[in-house]
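Enquirer: Dropping the structure in here first, questions after.
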Amino acid sequence: MNTSSSLVADFQPLPAPLVQPVWWLSKRWFKPRFYGLEHLDPKRPALYVGNHTIYGFDSPAFVLGIYQHKKIWLRGLADHFHFYFPLWRDALQQFGAFDGTRQAVDRLMQAQQHILIYPGGSREVLKHKGEAYQLFWKQRLGFIELAIQHGYDIIPFAALGGEETLDIVYDGNDFKQSWLGKLAQKSGFSARFLRHGEFFFPIVTGYKHIPFLPKPKALAYQFMPRLTTRHKDINASDEEKMALRDYIQQQIEIGLQMLRQQDDPKPTDAQD
């Protein structure tokens with residue numbers, strides 16, 4: 001796996017001729033709207049922490065929208081499994097994604113880059129029926145520890161609309177109840193390769209019931225006020241770190257509520 005500085009610390013955004021077609025398609029299909037952009041500052045790198053939506057099809061609109069409006073190109077943590085597939089890995093890296101190891105995040109923070117993280121990871125991407133907009137952060141504190149270590153600001157954000165782009169037909173719970181799923185659990189295959197069933201790719205339908213093609217639903221993003229960690233003790237207790245993490249989760253929930261109630265006639269939108 002290539003972890004050279006050219007892929008981690010010295011990344012350069014894609015040239016405009018390549019960015020514009022993807023942005024054009026994203027804004028025509030999803031019509032993304034962005035609220036709270038005043039909390040973003042290209043000169044003040046931050047850790048952007050938000051909720052992941054099923055299959056993450058809204059991520060290109062999110063990353064490219066921020067770049068269009070604020071000239072900030074986010075470097076996104078990606079699950080390790082993405083990097084086992086060369087062509088897919090290369091495409092993700094071209095858009096700024098990197099294998100989300102602690103060492104890579106540490107290097108990016110040293111390089112003062114803007115970093116995107118979804119603490120729910122693949123569990124939030126591979127949701128089950130009835131889990132829309134739920135956070136699955138477990139007991140993860142690594143991103144809090146790194147932010148405190150580097151004195152990095154944290155910007156919580158909420159993403160709305162992505163969960164409505166796809167309908168789950170068959171999920172991990174359905175698989176567990178099937179004869180094949182029971183065999184996978186009994187044999188140890190599920191524990192070894194499917195993270196005890198959490199790493200099951202749900203079968204979904206979208207536009208005109210076509211599998212895996214998202215519906216053209218409107219997307220909206222709410223950025224919350226940035227949080228500073230410079231005053232935090234690098235040796236803070238797990239209880240203090242968890243309190244900060246819980247506060248970030250609360251901010252995301254509030255952001256989702258704000259988006260659901262949003263009636264601002266002049267948001268920063270894809271047509272600007």
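By order in the structure tokens, chains are A, B, ...; within a chain, residues start at 1; ligands start at 1, following the order shown.
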List the spatial neighbours of range 134-138 of chain A as a PyMOL selection string - criterion: any atom at most 7 Å away, only C-alpha atoms, same-chain residues fewer than 6 positions off excluded.
Expert: chain A and resi 51+119-120+123-124
Enquirer: Excluding Leu194 in chain A and any residue of its chain fewer than 3 positions from it, enumerate the residues within 12 Å of it, using only C-alpha atoms, and give them as a PyMOL selection string.
Expert: chain A and resi 81+122-123+126+172+175-176+181+184-185+188-191+197-201
Enquirer: List every residue of range 108-226 of chain A that has an atom at most 7 Å from any atom of range 234-249 of chain A, giving for each one its closest atom pair and the distance in Å to one decimal, counting only C-alpha atoms, sorted by chain and then by ascending residue number, as a tab-separated table.
Expert:
residue	atom	partner	partner_atom	distance
A:Leu141	CA	A:Lys241	CA	6.9
A:Ile144	CA	A:Lys241	CA	6.4
A:Ile148	CA	A:Ile234	CA	5.9
A:Gln149	CA	A:Ile234	CA	5.6
A:Pro156	CA	A:Ile248	CA	6.1
Enquirer: Restricting the calculation to only C-alpha atoms, which member of A:Lys127, A:His39, A:Arg140, A:Arg33 is positioned closest to Tyr55 in chain A?
Expert: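 Distance minimum relative to Tyr55 in chain A lands on A:Lys127.
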Enquirer: DSSP on the backbone, strand (DSSP E) only: what residues of range 39-174 of chain A does that give? Format it as a list in words.
Expert: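 Selecting the strand (DSSP E) positions of range 39-174 of chain A gives Ala46, Leu47, Tyr48, Val49, Gly50, Arg75, Gly76, Leu77, Ala78, Phe98, Asp99, Ile115, Leu116, Ile117, Asp153, Ile154, Ile155, Pro156, Phe157, Ala158, Ala159, Leu160, Asp167, Ile168, Val169 and Tyr170 of chain A.
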Enquirer: Within 8 Å of Leu256 in chain A, counting only C-alpha atoms, which residues show up once you throw out same-chain ones fewer than 3 positions away? Write them as a list in words, please.
Expert: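 Using only C-alpha atoms, the neighbours found are Ala158, Ala159, Leu160, Gln222, Ile252, Glu253, Leu259 and Arg260 of chain A.
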Enquirer: As an exercise, work out the distance from CA of Gly255 in chain A to CA of Arg102 in chain A in Å and give it to one decimal place.
Expert: 27.4 Å
Enquirer: Quick one: pull the distance between CA of Val169 in chain A and CA of Lys186 in chain A, Å, one decimal.
Expert: 24.6 Å
Enquirer: What does the distance between CA of Asp171 in chain A and CA of Pro211 in chain A come to in Å, to one decimal place?
Expert: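 Spanning CA of Asp171 in chain A to CA of Pro211 in chain A is a straight-line distance of 13.6 Å.
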Enquirer: Any chance you could list, as a VMD selection string, the residues in range 34-167 of chain A that come up alpha helix (DSSP H) when DSSP is run on the backbone?
Expert: chain A and resid 59 to 70 86 to 94 102 to 110 121 to 125 142 to 150
Enquirer: Pick out the residues sitting within 10 Å of range 91-93 of chain A, and hand them over as a short mmCIF file (atom, residue, chain, number, x, y, z; two decimals) with N, CA and C atoms, in the first residue's frame; count only C-alpha atoms, and ignore anything fewer than 2 positions along from it in its own chain.
Expert:
data_model
loop_
_atom_site.label_atom_id
_atom_site.label_comp_id
_atom_site.auth_asym_id
_atom_site.auth_seq_id
_atom_site.Cartn_x
_atom_site.Cartn_y
_atom_site.Cartn_z
N LEU A 7 1.08 11.07 -1.56
CA LEU A 7 -0.31 10.66 -1.42
C LEU A 7 -0.91 11.14 -0.11
N VAL A 8 -0.09 11.54 0.83
CA VAL A 8 -0.60 11.92 2.14
C VAL A 8 -0.43 13.41 2.40
N PHE A 11 -0.50 16.27 -1.19
CA PHE A 11 -1.60 16.14 -2.15
C PHE A 11 -1.93 17.49 -2.79
N ARG A 75 -9.32 16.34 2.95
CA ARG A 75 -8.65 15.04 2.86
C ARG A 75 -9.47 14.07 3.70
N GLY A 76 -10.10 13.09 3.07
CA GLY A 76 -11.02 12.21 3.76
C GLY A 76 -10.43 10.87 4.16
N ALA A 78 -10.55 7.06 4.65
CA ALA A 78 -11.30 5.98 4.03
C ALA A 78 -10.96 4.66 4.73
N HIS A 82 -10.89 -0.18 1.07
CA HIS A 82 -10.88 0.53 -0.21
C HIS A 82 -9.53 0.39 -0.93
N PHE A 83 -8.48 0.21 -0.14
CA PHE A 83 -7.14 0.27 -0.71
C PHE A 83 -6.61 -1.09 -1.14
N PRO A 86 -6.75 -1.68 -6.61
CA PRO A 86 -5.88 -0.64 -7.19
C PRO A 86 -6.59 0.49 -7.93
N LEU A 87 -7.48 0.16 -8.86
CA LEU A 87 -8.14 1.23 -9.64
C LEU A 87 -9.02 2.09 -8.75
N TRP A 88 -9.79 1.45 -7.87
CA TRP A 88 -10.66 2.19 -6.95
C TRP A 88 -9.82 3.02 -5.98
N ARG A 89 -8.75 2.43 -5.48
CA ARG A 89 -7.84 3.14 -4.58
C ARG A 89 -7.29 4.39 -5.24
N PHE A 95 -9.10 12.09 -5.38
CA PHE A 95 -10.05 13.01 -4.78
C PHE A 95 -9.69 13.33 -3.33
N GLY A 96 -8.50 12.94 -2.91
CA GLY A 96 -8.02 13.34 -1.60
C GLY A 96 -8.18 12.34 -0.49
N ALA A 97 -8.78 11.19 -0.76
CA ALA A 97 -8.97 10.19 0.29
C ALA A 97 -7.65 9.49 0.60
N PHE A 98 -7.54 8.98 1.82
CA PHE A 98 -6.33 8.27 2.21
C PHE A 98 -6.70 7.17 3.20
N ASP A 99 -5.86 6.17 3.28
CA ASP A 99 -6.08 5.07 4.22
C ASP A 99 -6.04 5.63 5.63
#
Enquirer: Which is closest to Pro216 in chain A among A:Ala16, A:Leu166, A:Ile54, A:Met109, if we use only C-alpha atoms?
Expert: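 Of all the options, A:Leu166 lies closest to Pro216 in chain A.
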Enquirer: With only C-alpha atoms as the counted atoms, please give the residues lying no more than 10 Å from Ser59 in chain A, apart from itself and same-chain residues fewer than 4 positions off, as a list of chain:residue names.
Expert: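 Result of the neighbour search: A:Ser26, A:His52, A:Thr53, A:Tyr55, A:Val63, A:Leu64, A:Gly65, A:Gly76, A:Ala159, A:Gly162.
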Enquirer: Atoms to include: C-alpha atoms. Write the selected residues as a PDB file, in the first residue's frame.
Expert:
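File written: part.pdb
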ATOM      1  CA  SER A  26     -23.430  16.387  -8.573  1.00  0.00           C
ATOM      2  CA  HIS A  52     -22.116   9.261   7.147  1.00  0.00           C
ATOM      3  CA  THR A  53     -25.083   8.343   4.953  1.00  0.00           C
ATOM      4  CA  TYR A  55     -23.093   4.133   0.776  1.00  0.00           C
ATOM      5  CA  VAL A  63     -16.261  17.631  -0.932  1.00  0.00           C
ATOM      6  CA  LEU A  64     -16.587  19.426  -4.259  1.00  0.00           C
ATOM      7  CA  GLY A  65     -19.153  21.875  -2.906  1.00  0.00           C
ATOM      8  CA  GLY A  76     -11.022  12.206   3.758  1.00  0.00           C
ATOM      9  CA  ALA A 159     -25.619  15.839   6.294  1.00  0.00           C
ATOM     10  CA  GLY A 162     -28.357  11.121   1.571  1.00  0.00           C
TER      11      GLY A 162
END
Enquirer: Do you know which residues are at most 8 Å from Ile117 in chain A counting only C-alpha atoms, after dropping those on the same chain fewer than 2 positions away, and could you put them as a list in words?
Expert: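 Once the nearby chain positions are removed, what remains is Leu47, Tyr48, Val49, Gly50, Gly76, Leu77, Ile115 and Pro119 of chain A.
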Enquirer: So, counting only C-alpha atoms, which residue among A:Arg192, A:Tyr67, A:Phe157, A:Val19 is closest to Ile254 in chain A?
Expert: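 Closest to Ile254 in chain A, using only C-alpha atoms: A:Phe157.
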Enquirer: Could you tell me which of A:Gln251, A:Gln177, A:Gln112, A:Gln94 comes closest to Phe223 in chain A if we count only C-alpha atoms?
Expert: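 Nearest to Phe223 in chain A: A:Gln251.
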